[in-house]
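Colleague: Coordinates in work-v4.txt, compact mmCIF, C-alpha atoms, are listed below.
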# COMPACT_ATOMS: atom_id res chain seq x y z
CA MET C 1 0.00 0.00 0.00
CA THR C 2 1.31 3.45 -0.85
CA THR C 3 0.78 6.04 1.82
CA TYR C 4 2.06 9.57 1.83
CA PRO C 5 3.23 11.05 5.11
CA ALA C 6 2.51 14.71 5.75
CA ILE C 7 5.81 16.49 5.22
CA VAL C 8 4.88 20.16 5.30
CA LYS C 9 2.39 22.02 7.44
CA GLU C 10 -0.78 23.58 6.07
CA THR C 11 -0.50 27.33 5.52
CA PRO C 12 -1.99 29.05 8.56
CA SER C 13 -5.23 30.92 8.04
CA GLN C 14 -5.72 34.64 8.61
CA THR C 15 -9.04 36.44 8.79
CA ALA C 16 -10.68 37.40 5.50
CA GLY C 17 -10.89 40.92 6.95
CA PRO C 18 -13.50 43.61 6.30
CA TYR C 19 -12.90 43.76 2.54
CA VAL C 20 -13.21 40.14 1.45
CA HIS C 21 -15.86 41.32 -1.02
CA ILE C 22 -13.21 43.29 -2.94
CA GLY C 23 -11.33 40.09 -3.61
CA LEU C 24 -14.08 37.54 -4.08
CA THR C 25 -17.12 39.49 -5.31
CA PRO C 26 -15.67 42.74 -6.69
CA ASN C 27 -18.65 43.54 -8.92
CA HIS C 28 -20.91 43.35 -5.89
CA CYS C 29 -18.94 46.08 -4.13
CA GLY C 30 -18.63 48.39 -7.11
CA ILE C 31 -15.28 47.35 -8.58
CA THR C 32 -16.54 46.75 -12.10
CA GLY C 33 -14.73 46.15 -15.36
CA VAL C 34 -12.12 43.83 -13.91
CA TYR C 35 -14.12 40.56 -14.07
CA ASP C 36 -17.16 40.00 -16.31
CA ALA C 37 -19.12 38.57 -13.41
CA ASP C 38 -18.50 37.48 -9.84
CA LEU C 39 -17.84 33.76 -9.52
CA GLY C 40 -20.47 31.52 -7.91
CA ILE C 41 -23.39 33.93 -8.27
CA GLU C 42 -25.36 31.80 -10.76
CA MET C 43 -25.70 28.16 -9.69
CA VAL C 44 -28.48 27.00 -12.01
CA ASN C 45 -29.56 27.53 -15.63
CA ASP C 46 -32.68 26.56 -17.62
CA LYS C 47 -31.45 23.01 -18.11
CA THR C 48 -30.46 22.20 -14.54
CA LYS C 49 -32.34 19.15 -13.27
CA GLY C 50 -34.09 19.13 -9.93
CA GLU C 51 -36.47 21.03 -7.71
CA ARG C 52 -35.76 24.78 -7.70
CA ILE C 53 -35.31 26.15 -4.20
CA ASN C 54 -33.98 29.27 -2.54
CA ILE C 55 -31.87 29.31 0.56
CA GLN C 56 -31.90 32.48 2.57
CA GLY C 57 -30.59 33.45 5.96
CA ARG C 58 -28.50 35.81 8.03
CA VAL C 59 -25.10 35.48 9.60
CA LEU C 60 -25.37 36.73 13.21
CA ASP C 61 -22.75 37.42 15.88
CA GLY C 62 -22.88 36.59 19.59
CA SER C 63 -25.01 39.66 20.35
CA GLY C 64 -27.50 38.80 17.60
CA ALA C 65 -26.24 41.60 15.34
CA PRO C 66 -25.93 40.90 11.61
CA VAL C 67 -22.47 40.16 10.26
CA ALA C 68 -22.60 42.48 7.29
CA ASP C 69 -19.11 41.83 5.90
CA ALA C 70 -19.19 38.03 5.68
CA LEU C 71 -18.90 35.76 2.68
CA VAL C 72 -20.73 32.45 2.44
CA GLU C 73 -19.85 29.62 0.08
CA ILE C 74 -21.86 26.45 -0.42
CA TRP C 75 -21.12 23.11 -2.06
CA GLN C 76 -23.72 20.48 -2.82
CA ALA C 77 -24.62 17.41 -4.84
CA ASP C 78 -26.94 17.53 -7.86
CA SER C 79 -30.53 16.28 -7.76
CA SER C 80 -29.33 12.66 -8.10
CA GLY C 81 -26.82 12.95 -5.26
CA LEU C 82 -23.73 13.23 -7.48
CA TYR C 83 -21.02 15.87 -7.10
CA ASN C 84 -19.74 17.72 -10.15
CA SER C 85 -16.13 16.99 -9.22
CA PRO C 86 -13.24 14.84 -10.51
CA ALA C 87 -13.22 13.11 -7.10
CA GLU C 88 -16.78 11.88 -7.76
CA ARG C 89 -16.28 8.32 -9.08
CA ARG C 90 -19.85 7.00 -8.91
CA GLY C 91 -21.14 8.61 -12.08
CA GLU C 92 -21.52 11.79 -14.08
CA ALA C 93 -23.18 14.69 -12.34
CA ASP C 94 -25.62 17.01 -14.11
CA PRO C 95 -23.38 19.09 -16.44
CA ASN C 96 -25.74 22.05 -15.98
CA PHE C 97 -25.08 22.29 -12.27
CA THR C 98 -21.72 23.17 -10.75
CA GLY C 99 -22.89 22.62 -7.18
CA TRP C 100 -20.89 25.60 -5.94
CA GLY C 101 -22.17 29.00 -4.89
CA ARG C 102 -20.67 32.12 -3.36
CA CYS C 103 -22.61 35.01 -1.83
CA PRO C 104 -21.59 38.12 0.10
CA THR C 105 -23.80 38.97 3.07
CA ASN C 106 -25.76 42.18 2.64
CA GLY C 107 -23.87 45.26 3.88
CA GLU C 108 -26.62 46.13 6.35
CA SER C 109 -28.84 43.14 7.05
CA GLY C 110 -26.24 40.36 6.94
CA VAL C 111 -28.59 38.39 4.66
CA TYR C 112 -27.25 35.94 2.07
CA SER C 113 -29.23 33.89 -0.43
CA PHE C 114 -28.75 31.19 -3.05
CA ALA C 115 -31.02 30.14 -5.89
CA THR C 116 -30.24 26.45 -6.33
CA ILE C 117 -31.81 22.99 -6.50
CA LYS C 118 -32.51 20.50 -3.77
CA PRO C 119 -29.66 17.98 -3.65
CA GLY C 120 -30.09 14.21 -3.73
CA ARG C 121 -28.74 11.88 -1.07
CA VAL C 122 -25.04 11.01 -0.85
CA PRO C 123 -23.56 7.99 0.94
CA TYR C 124 -21.64 8.34 4.20
CA VAL C 125 -18.24 6.59 4.50
CA ASP C 126 -19.94 3.35 5.60
CA GLY C 127 -22.38 3.31 2.70
CA ARG C 128 -25.48 4.47 4.60
CA LEU C 129 -27.22 7.32 2.83
CA MET C 130 -26.90 10.74 4.43
CA ALA C 131 -29.94 13.01 4.45
CA PRO C 132 -29.89 15.69 1.72
CA HIS C 133 -27.60 18.49 2.87
CA ILE C 134 -25.50 21.41 1.70
CA THR C 135 -21.98 22.14 2.93
CA PHE C 136 -21.32 25.72 4.08
CA TRP C 137 -18.11 27.69 4.56
CA ILE C 138 -18.24 31.10 6.26
CA VAL C 139 -15.51 33.73 6.46
CA ALA C 140 -15.53 37.33 7.72
CA ARG C 141 -13.62 39.94 9.67
CA GLY C 142 -13.15 38.51 13.16
CA ILE C 143 -13.22 34.88 11.99
CA ASN C 144 -9.64 33.65 12.17
CA LEU C 145 -10.23 30.34 10.40
CA GLY C 146 -13.13 29.70 8.01
CA LEU C 147 -16.11 27.98 9.66
CA GLN C 148 -17.56 24.80 8.21
CA THR C 149 -21.08 23.63 8.74
CA ARG C 150 -23.98 21.89 6.95
CA MET C 151 -27.55 22.78 6.21
CA TYR C 152 -30.20 20.03 6.33
CA PHE C 153 -33.77 20.31 5.05
CA GLY C 154 -36.76 20.74 7.36
CA ASP C 155 -39.01 18.72 5.05
CA GLU C 156 -36.78 15.62 5.34
CA ALA C 157 -37.56 14.66 8.93
CA GLU C 158 -37.31 10.93 8.32
CA ALA C 159 -33.96 11.09 6.52
CA ASN C 160 -32.62 13.60 9.07
CA ALA C 161 -33.51 11.23 11.92
CA MET C 162 -31.31 8.52 10.34
CA ASP C 163 -28.45 10.80 9.24
CA PRO C 164 -25.04 9.53 10.44
CA VAL C 165 -23.60 13.05 10.74
CA LEU C 166 -26.50 14.51 12.72
CA GLU C 167 -26.20 11.41 14.90
CA LYS C 168 -22.76 12.66 16.00
CA VAL C 169 -24.22 15.92 17.25
CA ARG C 170 -26.40 14.07 19.76
CA GLN C 171 -28.17 16.96 21.54
CA PRO C 172 -31.52 17.56 19.78
CA ASP C 173 -31.47 21.32 20.39
CA ARG C 174 -28.08 21.59 18.71
CA ILE C 175 -29.22 19.47 15.75
CA GLU C 176 -32.00 22.01 15.23
CA THR C 177 -29.40 24.69 14.42
CA LEU C 178 -28.54 22.72 11.26
CA ILE C 179 -32.08 22.28 9.95
CA ALA C 180 -33.61 24.87 7.64
CA ALA C 181 -37.37 25.37 7.87
CA ARG C 182 -39.28 25.30 4.59
CA LYS C 183 -41.70 28.07 3.55
CA GLY C 184 -42.89 27.56 -0.01
CA ASN C 185 -39.70 27.06 -1.99
CA VAL C 186 -37.55 29.00 0.47
CA PHE C 187 -35.45 27.35 3.15
CA GLY C 188 -34.47 29.70 5.97
CA PHE C 189 -31.06 29.08 7.46
CA ASP C 190 -29.56 31.58 9.91
CA ILE C 191 -25.98 31.01 10.97
CA ARG C 192 -25.27 32.02 14.58
CA LEU C 193 -21.58 32.35 15.27
CA GLN C 194 -22.02 32.35 19.03
CA GLY C 195 -24.59 32.28 21.83
CA ASP C 196 -27.33 30.00 23.16
CA ARG C 197 -28.36 28.87 19.71
CA GLU C 198 -24.84 28.78 18.28
CA THR C 199 -24.80 26.88 14.99
CA VAL C 200 -22.99 23.56 15.07
CA PHE C 201 -19.64 23.89 13.30
CA PHE C 202 -17.59 20.91 12.20
CA ASP C 203 -13.94 19.98 12.37
CA ILE C 204 -13.73 18.22 9.02
CA MET Q 1 1.27 14.74 -20.41
CA GLN Q 2 -0.18 11.59 -18.83
CA LYS Q 3 -3.61 12.10 -17.36
CA LYS Q 4 -3.56 11.44 -13.65
CA GLU Q 5 -6.36 9.68 -11.84
CA PRO Q 6 -8.15 12.15 -9.60
CA GLU Q 7 -7.45 11.70 -5.92
CA THR Q 8 -10.33 10.66 -3.72
CA GLY Q 9 -8.83 10.14 -0.25
CA ALA Q 10 -9.88 11.93 2.92
CA PHE Q 11 -7.83 14.95 3.95
CA PHE Q 12 -5.36 14.87 6.82
CA PRO Q 13 -6.96 16.32 9.94
CA ARG Q 14 -6.38 20.02 10.38
CA ASP Q 15 -3.77 20.86 13.06
CA ARG Q 16 -5.75 23.28 15.20
CA THR Q 17 -2.76 24.07 17.42
CA TRP Q 18 -0.95 25.40 14.32
CA GLN Q 19 -3.95 27.24 12.92
CA PRO Q 20 -5.19 30.33 14.79
CA ILE Q 21 -7.78 29.70 17.49
CA ALA Q 22 -11.18 31.38 17.16
CA TYR Q 23 -11.26 33.50 20.34
CA THR Q 24 -8.40 36.01 20.35
CA PRO Q 25 -9.56 39.00 22.45
CA TRP Q 26 -6.57 41.17 21.46
CA TYR Q 27 -8.19 41.11 18.00
CA LYS Q 28 -11.44 42.58 19.26
CA THR Q 29 -13.78 41.63 16.44
CA SER Q 30 -13.14 37.97 17.20
CA ILE Q 31 -14.79 38.30 20.61
CA LEU Q 32 -18.38 38.16 19.31
CA ARG Q 33 -17.61 36.21 16.15
CA SER Q 34 -15.91 33.15 17.64
CA PRO Q 35 -17.88 29.96 18.26
CA GLN Q 36 -17.65 28.92 21.90
CA LYS Q 37 -18.93 25.38 21.70
CA ALA Q 38 -16.73 22.46 20.69
CA LEU Q 39 -16.51 21.74 16.97
CA ILE Q 40 -18.03 18.38 16.06
CA SER Q 41 -15.40 16.09 14.52
CA LEU Q 42 -16.47 14.66 11.21
CA ASN Q 43 -14.68 12.06 9.09
CA ASN Q 44 -14.49 13.39 5.57
CA THR Q 45 -17.38 12.16 3.46
CA LEU Q 46 -17.89 12.72 -0.27
CA SER Q 47 -19.27 16.14 0.63
CA GLU Q 48 -15.87 17.25 1.94
CA ILE Q 49 -13.42 15.46 -0.39
CA THR Q 50 -15.06 16.71 -3.59
CA GLY Q 51 -14.95 20.24 -4.94
CA PRO Q 52 -15.65 22.26 -8.08
CA VAL Q 53 -13.20 22.67 -10.95
CA PHE Q 54 -12.20 26.09 -12.21
CA GLY Q 55 -10.90 25.81 -15.75
CA HIS Q 56 -8.36 28.25 -17.18
CA SER Q 57 -11.23 29.66 -19.24
CA THR Q 58 -12.86 30.82 -15.99
CA ILE Q 59 -10.50 33.76 -15.82
CA GLY Q 60 -9.32 36.52 -18.14
CA GLU Q 61 -5.81 37.16 -19.40
CA ALA Q 62 -5.32 40.39 -17.45
CA ASP Q 63 -6.79 39.07 -14.22
CA ASN Q 64 -3.35 38.57 -12.67
CA ASP Q 65 -2.09 42.06 -13.49
CA LEU Q 66 -3.31 44.44 -10.77
CA ILE Q 67 -1.12 47.20 -12.17
CA HIS Q 68 -3.33 47.36 -15.25
CA ASN Q 69 -6.59 45.44 -14.71
CA PHE Q 70 -8.43 48.50 -13.37
CA ALA Q 71 -6.33 51.22 -15.01
CA LYS Q 72 -7.40 53.47 -17.85
CA PRO Q 73 -5.87 52.53 -21.22
CA GLY Q 74 -2.22 53.60 -21.29
CA GLU Q 75 -2.09 54.26 -17.54
CA SER Q 76 -1.01 52.14 -14.60
CA ALA Q 77 -1.34 51.94 -10.83
CA ILE Q 78 1.00 54.03 -8.69
CA GLY Q 79 3.48 52.36 -6.36
CA PRO Q 80 6.48 50.06 -6.23
CA ARG Q 81 5.96 47.46 -8.95
CA ILE Q 82 6.25 43.89 -7.70
CA ILE Q 83 5.73 40.32 -8.84
CA VAL Q 84 4.35 37.80 -6.35
CA HIS Q 85 4.79 34.18 -7.31
CA GLY Q 86 5.03 30.71 -5.83
CA ARG Q 87 3.52 27.27 -5.75
CA VAL Q 88 0.39 25.83 -4.27
CA ILE Q 89 1.35 22.43 -2.86
CA ASP Q 90 -0.33 19.99 -0.52
CA GLU Q 91 1.01 18.70 2.80
CA ARG Q 92 2.77 15.87 0.98
CA GLY Q 93 4.69 18.38 -1.11
CA HIS Q 94 2.79 17.67 -4.32
CA GLY Q 95 1.88 20.59 -6.60
CA VAL Q 96 -1.83 21.37 -6.73
CA ALA Q 97 -2.74 21.95 -10.39
CA GLY Q 98 -5.79 23.97 -11.33
CA ALA Q 99 -6.16 25.70 -7.95
CA LEU Q 100 -8.03 29.00 -8.02
CA VAL Q 101 -5.94 31.64 -6.26
CA GLU Q 102 -7.65 35.00 -5.64
CA PHE Q 103 -5.98 38.02 -4.05
CA TRP Q 104 -6.93 41.49 -2.90
CA GLN Q 105 -5.12 44.35 -1.25
CA ALA Q 106 -4.90 48.03 -0.38
CA ASN Q 107 -3.19 50.41 -2.79
CA ALA Q 108 0.38 51.67 -2.34
CA GLY Q 109 -0.85 54.27 0.16
CA GLY Q 110 -2.65 51.67 2.29
CA ARG Q 111 -6.16 52.55 1.09
CA TYR Q 112 -8.81 50.04 -0.01
CA ARG Q 113 -11.36 50.76 -2.70
CA HIS Q 114 -14.41 50.20 -0.47
CA LYS Q 115 -17.24 52.36 0.84
CA ASN Q 116 -16.56 51.36 4.45
CA GLU Q 117 -12.89 52.38 4.24
CA GLY Q 118 -12.09 55.22 6.65
CA TYR Q 119 -8.37 55.85 6.13
CA LEU Q 120 -7.55 59.31 4.75
CA ALA Q 121 -4.88 58.07 2.34
CA ALA Q 122 -5.71 58.79 -1.31
CA LEU Q 123 -7.46 56.43 -3.67
CA ASP Q 124 -5.54 55.59 -6.82
CA PRO Q 125 -7.94 55.95 -9.78
CA ASN Q 126 -5.97 53.28 -11.61
CA PHE Q 127 -6.00 50.63 -8.90
CA GLY Q 128 -8.94 48.32 -8.16
CA GLY Q 129 -7.18 45.94 -5.79
CA CYS Q 130 -8.30 42.48 -6.91
CA GLY Q 131 -6.84 39.75 -9.10
CA ARG Q 132 -6.80 36.00 -9.62
CA SER Q 133 -4.86 33.17 -11.18
CA ILE Q 134 -5.23 29.43 -11.75
CA THR Q 135 -2.20 27.28 -10.97
CA ASP Q 136 -0.44 25.41 -13.78
CA GLU Q 137 0.30 21.65 -13.91
CA GLN Q 138 3.01 22.00 -11.25
CA GLY Q 139 0.96 24.26 -9.00
CA TYR Q 140 2.64 27.57 -9.95
CA TYR Q 141 0.84 30.91 -9.88
CA SER Q 142 2.09 34.48 -10.32
CA PHE Q 143 0.79 38.01 -10.53
CA ARG Q 144 1.92 41.59 -10.89
CA THR Q 145 0.84 44.32 -8.56
CA VAL Q 146 2.04 47.32 -6.60
CA ARG Q 147 3.35 46.82 -3.11
CA PRO Q 148 0.49 47.67 -0.71
CA GLY Q 149 1.05 50.22 2.05
CA PRO Q 150 0.57 49.55 5.78
CA TYR Q 151 -2.45 51.24 7.33
CA PRO Q 152 -4.05 52.07 10.68
CA TRP Q 153 -7.16 50.23 11.80
CA PRO Q 154 -9.64 50.56 14.63
CA ASN Q 155 -8.69 47.93 17.19
CA GLY Q 156 -6.24 49.26 19.74
CA VAL Q 157 -5.86 53.05 19.80
CA ASN Q 158 -2.78 52.92 17.59
CA ASP Q 159 -2.78 49.63 15.72
CA TRP Q 160 -1.30 49.41 12.23
CA ARG Q 161 -1.53 46.51 9.86
CA PRO Q 162 1.74 45.45 8.27
CA ALA Q 163 1.68 45.62 4.47
CA HIS Q 164 -0.13 42.50 3.29
CA ILE Q 165 -1.96 40.82 0.44
CA HIS Q 166 -5.05 38.71 1.13
CA PHE Q 167 -5.18 35.27 -0.51
CA SER Q 168 -8.11 32.91 -1.05
CA ILE Q 169 -7.20 29.44 -2.28
CA PHE Q 170 -9.51 26.82 -3.75
CA GLY Q 171 -7.86 23.42 -4.16
CA HIS Q 172 -9.56 20.17 -5.19
CA GLY Q 173 -11.72 19.48 -2.14
CA PHE Q 174 -14.10 21.76 -0.28
CA ALA Q 175 -12.36 20.79 2.99
CA GLN Q 176 -9.14 22.43 1.71
CA ARG Q 177 -10.77 25.85 1.42
CA LEU Q 178 -8.41 28.46 2.87
CA ILE Q 179 -8.04 32.21 3.29
CA THR Q 180 -4.82 33.79 4.50
CA GLN Q 181 -2.59 36.88 4.23
CA MET Q 182 0.94 37.26 2.88
CA TYR Q 183 3.40 39.64 4.56
CA PHE Q 184 6.65 41.16 3.30
CA GLU Q 185 10.11 40.28 4.59
CA GLY Q 186 11.56 42.91 6.88
CA ASP Q 187 8.33 44.71 7.80
CA PRO Q 188 8.67 45.78 11.47
CA LEU Q 189 4.89 45.87 11.90
CA ILE Q 190 4.46 42.11 11.41
CA TRP Q 191 5.25 41.03 14.97
CA LYS Q 192 3.24 43.89 16.50
CA CYS Q 193 0.06 43.02 14.63
CA PRO Q 194 -2.87 41.60 16.68
CA ILE Q 195 -4.17 39.75 13.61
CA VAL Q 196 -0.78 38.15 12.92
CA ARG Q 197 -0.64 37.21 16.60
CA THR Q 198 -3.86 35.21 16.37
CA ILE Q 199 -1.36 32.54 15.26
CA SER Q 200 0.57 31.36 18.32
CA ASP Q 201 3.30 29.34 16.60
CA GLU Q 202 6.22 31.51 15.46
CA ASN Q 203 7.12 29.18 12.63
CA ALA Q 204 3.55 29.32 11.40
CA VAL Q 205 3.80 33.13 11.27
CA ARG Q 206 7.12 32.89 9.43
CA SER Q 207 5.48 30.75 6.74
CA LEU Q 208 3.33 33.80 5.85
CA ILE Q 209 6.30 36.14 5.32
CA ALA Q 210 7.39 36.28 1.69
CA PRO Q 211 11.11 36.85 1.11
CA LEU Q 212 12.45 39.17 -1.55
CA ASP Q 213 13.43 36.98 -4.50
CA MET Q 214 16.30 38.73 -6.35
CA GLU Q 215 16.69 35.82 -8.80
CA ASN Q 216 13.24 36.47 -10.21
CA THR Q 217 13.33 40.23 -9.90
CA ILE Q 218 13.09 41.83 -13.34
CA PRO Q 219 15.78 44.48 -13.90
CA MET Q 220 14.43 48.01 -14.31
CA ASP Q 221 10.87 46.70 -13.84
CA ALA Q 222 9.67 44.82 -10.75
CA GLN Q 223 10.96 43.23 -7.54
CA ALA Q 224 9.82 39.65 -6.96
CA TYR Q 225 8.47 38.12 -3.75
CA HIS Q 226 8.12 34.39 -3.28
CA PHE Q 227 5.13 32.91 -1.47
CA ASP Q 228 4.30 29.20 -1.40
CA ILE Q 229 0.95 28.04 -0.09
CA VAL Q 230 0.28 24.63 1.46
CA LEU Q 231 -3.17 23.05 1.36
CA ARG Q 232 -4.28 20.00 3.30
CA GLY Q 233 -3.00 16.69 1.87
CA ARG Q 234 -4.97 13.52 1.28
CA ARG Q 235 -4.69 10.04 2.75
CA SER Q 236 -4.17 6.96 0.59
CA THR Q 237 -6.95 6.50 -1.95
CA LEU Q 238 -7.17 2.73 -1.60
CA PHE Q 239 -10.30 2.94 0.49
CA GLU Q 240 -12.26 4.12 -2.52
CA ASN Q 241 -14.24 0.91 -3.02
CA ARG Q 242 -14.30 -0.11 0.58
CA LEU Q 243 -17.41 1.15 2.17
CA GLU Q 244 -16.81 -0.39 5.57
CA GLY Q 245 -14.15 0.16 8.17
CA ASN Q 246 -12.47 3.18 6.62
Give the structure from this file in structure tokens form.

Modeller:
Amino acid sequence: MTTYPAIVKETPSQTAGPYVHIGLTPNHCGITGVYDADLGIEMVNDKTKGERINIQGRVLDGSGAPVADALVEIWQADSSGLYNSPAERRGEADPNFTGWGRCPTNGESGVYSFATIKPGRVPYVDGRLMAPHITFWIVARGINLGLQTRMYFGDEAEANAMDPVLEKVRQPDRIETLIAARKGNVFGFDIRLQGDRETVFFDI
Amino acid sequence: MQKKEPETGAFFPRDRTWQPIAYTPWYKTSILRSPQKALISLNNTLSEITGPVFGHSTIGEADNDLIHNFAKPGESAIGPRIIVHGRVIDERGHGVAGALVEFWQANAGGRYRHKNEGYLAALDPNFGGCGRSITDEQGYYSFRTVRPGPYPWPNGVNDWRPAHIHFSIFGHGFAQRLITQMYFEGDPLIWKCPIVRTISDENAVRSLIAPLDMENTIPMDAQAYHFDIVLRGRRSTLFENRLEGN
């Protein structure tokens, strides 16, 4: 068996700072003419397969105030549960869906949103199916190392109850922080960085 | 060139004693933005080991030239002209091909082009402050820019950021996602900076300081700085078809 030992250390993280939008979504903050469009803004097109949904929420700090200078990225499977990635070896994902989105939080309200599709189920390392979920990564001024979490779907109670990752969280009130409530085609998912209802973050 | 099989192994666990901790009260904004509960450990699943691909067609030819990518035709940004270059590798020392490297910075006077910016230094009409590059087969990236200035910021009553360039790196797996800052060799503000000091390990800080690279400096044009970036490495991929016991 070939194994590769770690020989160099990962580059240490530093905060994204107050101006992460300049670097990652310049058009959004008025720096136009450099890039045609900001990356990750459009996740779906007319041909994308699957149920159209919107995800919307706020990033909130420990006092409940909106984090207005954050950036949220998401990564998800297509409607059949396949990732559009070279590391996906189970089949070909929908070519009309990248699975990746990037959104700056609003400069006043701290709201982010994604127009996407509902993902299919993906197997856990032991082969059991995980409940449909979306992987989140959050950076901002004051966050020294990007935060990783997942969003699950409120209309998938049965699958959520059997999910091997939610199982690790154990406390039911903490699991709730990962489940987005459905209203029409909108799933609401607030991310609380701190406090009584602090979102569960993962060490992945 | 021979096409390599994509790697599918789980990433090495992140060393959280090497990375900055979340709660660093000397950097005041972290006080209310740091999670206080324990992170839940999660073995990498397909959701973490996969990630999107950014082809070279994603970006434009001038995207890695900050001296010109916002400037009026025939003009250029003001400031010391520099080249920043290096390799994106993983923890095993292998080059990461096709990584998306994005960077942003203040202008030569230490001023950002942003509506929330409060520093009185002048804006440069020919400097936007953002750029990007995709690494080649060996993991190399490079860009041209002007050396950013240091600037004061509201934290302590007299805190100044050392000159720095922000980097965002997208490797092959979503678990590798990383944002950091590059500093310049010899800057006396580095070791006084509360943000730098969110990292407790001195060697970790040193890995963010780019040395002047005279060998790649272009005579009568631009000084070069060398900055390598290390992303998380992957375990053996032999578990791919083994669904149990990994």

Colleague: Report as number ranges by chain the set of chain C residues whose atoms approach chain Q to within 6 Å, with distances computed over all atoms listed in the file.

Modeller: C: 3, 6-14, 23, 34, 61-62, 85-87, 124-127, 142, 144, 193-194, 201-204

Colleague: Using only C-alpha atoms, please write the residues we just selected to a file, as a short mmCIF file (atom, residue, chain, number, x, y, z; two decimals), in the coordinates of the input.

Modeller:
data_model
loop_
_atom_site.label_atom_id
_atom_site.label_comp_id
_atom_site.auth_asym_id
_atom_site.auth_seq_id
_atom_site.Cartn_x
_atom_site.Cartn_y
_atom_site.Cartn_z
CA THR C 3 0.78 6.04 1.82
CA ALA C 6 2.51 14.71 5.75
CA ILE C 7 5.81 16.49 5.22
CA VAL C 8 4.88 20.16 5.30
CA LYS C 9 2.39 22.02 7.44
CA GLU C 10 -0.78 23.58 6.07
CA THR C 11 -0.50 27.33 5.52
CA PRO C 12 -1.99 29.05 8.56
CA SER C 13 -5.23 30.92 8.04
CA GLN C 14 -5.72 34.64 8.61
CA GLY C 23 -11.33 40.09 -3.61
CA VAL C 34 -12.12 43.83 -13.91
CA ASP C 61 -22.75 37.42 15.88
CA GLY C 62 -22.88 36.59 19.59
CA SER C 85 -16.13 16.99 -9.22
CA PRO C 86 -13.24 14.84 -10.51
CA ALA C 87 -13.22 13.11 -7.10
CA TYR C 124 -21.64 8.34 4.20
CA VAL C 125 -18.24 6.59 4.50
CA ASP C 126 -19.94 3.35 5.60
CA GLY C 127 -22.38 3.31 2.70
CA GLY C 142 -13.15 38.51 13.16
CA ASN C 144 -9.64 33.65 12.17
CA LEU C 193 -21.58 32.35 15.27
CA GLN C 194 -22.02 32.35 19.03
CA PHE C 201 -19.64 23.89 13.30
CA PHE C 202 -17.59 20.91 12.20
CA ASP C 203 -13.94 19.98 12.37
CA ILE C 204 -13.73 18.22 9.02
#

Colleague: Mind checking which residues fall within 8 Å of region 141-158 of chain Q, counting all atoms listed in the file, ignoring those fewer than 6 positions away in the same chain, and posting them as a ChimeraX atom specification?

Modeller: /Q:27-28,64-67,77-88,101,105-111,119,131-135,164-165

Colleague: For Asp38 (chain C), which residue out of C:Leu60, C:Pro104, C:Tyr83, C:Ala77 is the nearest one, using all atoms listed in the file?

Modeller: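 Distance minimum relative to Asp38 (chain C) lands on C:Pro104.
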
Colleague: Looking at only C-alpha atoms, which of Q:Gly139, Q:Pro162, Q:Gly171, Q:Pro219 is the one that sits closest to Phe184 (chain Q)?

Modeller: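 When distances to Phe184 (chain Q) are compared using only C-alpha atoms, the smallest one comes from Q:Pro162.
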
Colleague: Which is closer to Asn106 (chain C) than all the others in C:Arg182, C:Arg58, C:Arg52, C:Arg197, using all atoms listed in the file?

Modeller: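 The closest residue to Asn106 (chain C) is C:Arg58.
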
Colleague: Of the candidates C:Ser80, C:Gln148, C:Gln56, C:Asn96, which shows the shortest atom-to-atom distance to Ser109 (chain C), using only C-alpha atoms?

Modeller: C:Gln56

Colleague: For a cut-off of 8 Å around (-22.4, 19.5, 3.1), file coordinates, pick out all residues using only C-alpha atoms and list them as an MDAnalysis selection string.

Modeller: (chainID C and resid 74:76 133:136 149:151) or (chainID Q and resid 47:48)

Colleague: Give me, as a ChimeraX atom specification, all polymer residues having an atom no more than 6 Å from Ile138 (chain C), counting all atoms listed in the file and skipping those fewer than 3 positions away in the same chain.

Modeller: /C:71-72,146-147

Colleague: Would you compute the distance between CA of Pro123 (chain C) and CA of Arg90 (chain C)? Give it in Å to one decimal.

Modeller: 10.6 Å

Colleague: Provide the CA of Arg174 (chain C) to CA of Ala68 (chain C) distance in Å, to one decimal place.

Modeller: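 So the answer is 24.4 Å.
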
Colleague: Between C:Ala70, C:His28, C:Leu129, C:Thr98, which one has atoms that come closest to Ile143 (chain C), using only C-alpha atoms?

Modeller: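 Smallest distance to Ile143 (chain C) is found for C:Ala70.
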
Colleague: Between C:Val200, C:Ile22, C:Pro132, C:Val59, which is the closest to Glu156 (chain C) once you count all atoms listed in the file?

Modeller: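 Going through C:Val200, C:Ile22, C:Pro132, C:Val59 one by one, the smallest distance to Glu156 (chain C) is for C:Pro132.
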
Colleague: Could you work out how far CA of Val67 (chain C) lies from CA of Thr105 (chain C), giving the answer in Å with one decimal?

Modeller: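 CA of Val67 (chain C) lies 7.4 Å from CA of Thr105 (chain C).
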
Colleague: Can you pull out every residue within 7 Å of Lys118 (chain C), counting only C-alpha atoms, but drop anything in the same chain fewer than 3 positions away, and send it as a PyMOL selection string?

Modeller: chain C and resi 50-53+79

Colleague: Take the residues that were just selected and, keeping C-alpha atoms, output them as a PDB file, in the frame of the given file.

Modeller:
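Output contents, as saved in result30.pdb:
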ATOM      1  CA  GLY C  50     -34.090  19.130  -9.930  1.00  0.00           C
ATOM      2  CA  GLU C  51     -36.470  21.030  -7.710  1.00  0.00           C
ATOM      3  CA  ARG C  52     -35.760  24.780  -7.700  1.00  0.00           C
ATOM      4  CA  ILE C  53     -35.310  26.150  -4.200  1.00  0.00           C
ATOM      5  CA  SER C  79     -30.530  16.280  -7.760  1.00  0.00           C
TER       6      SER C  79
END
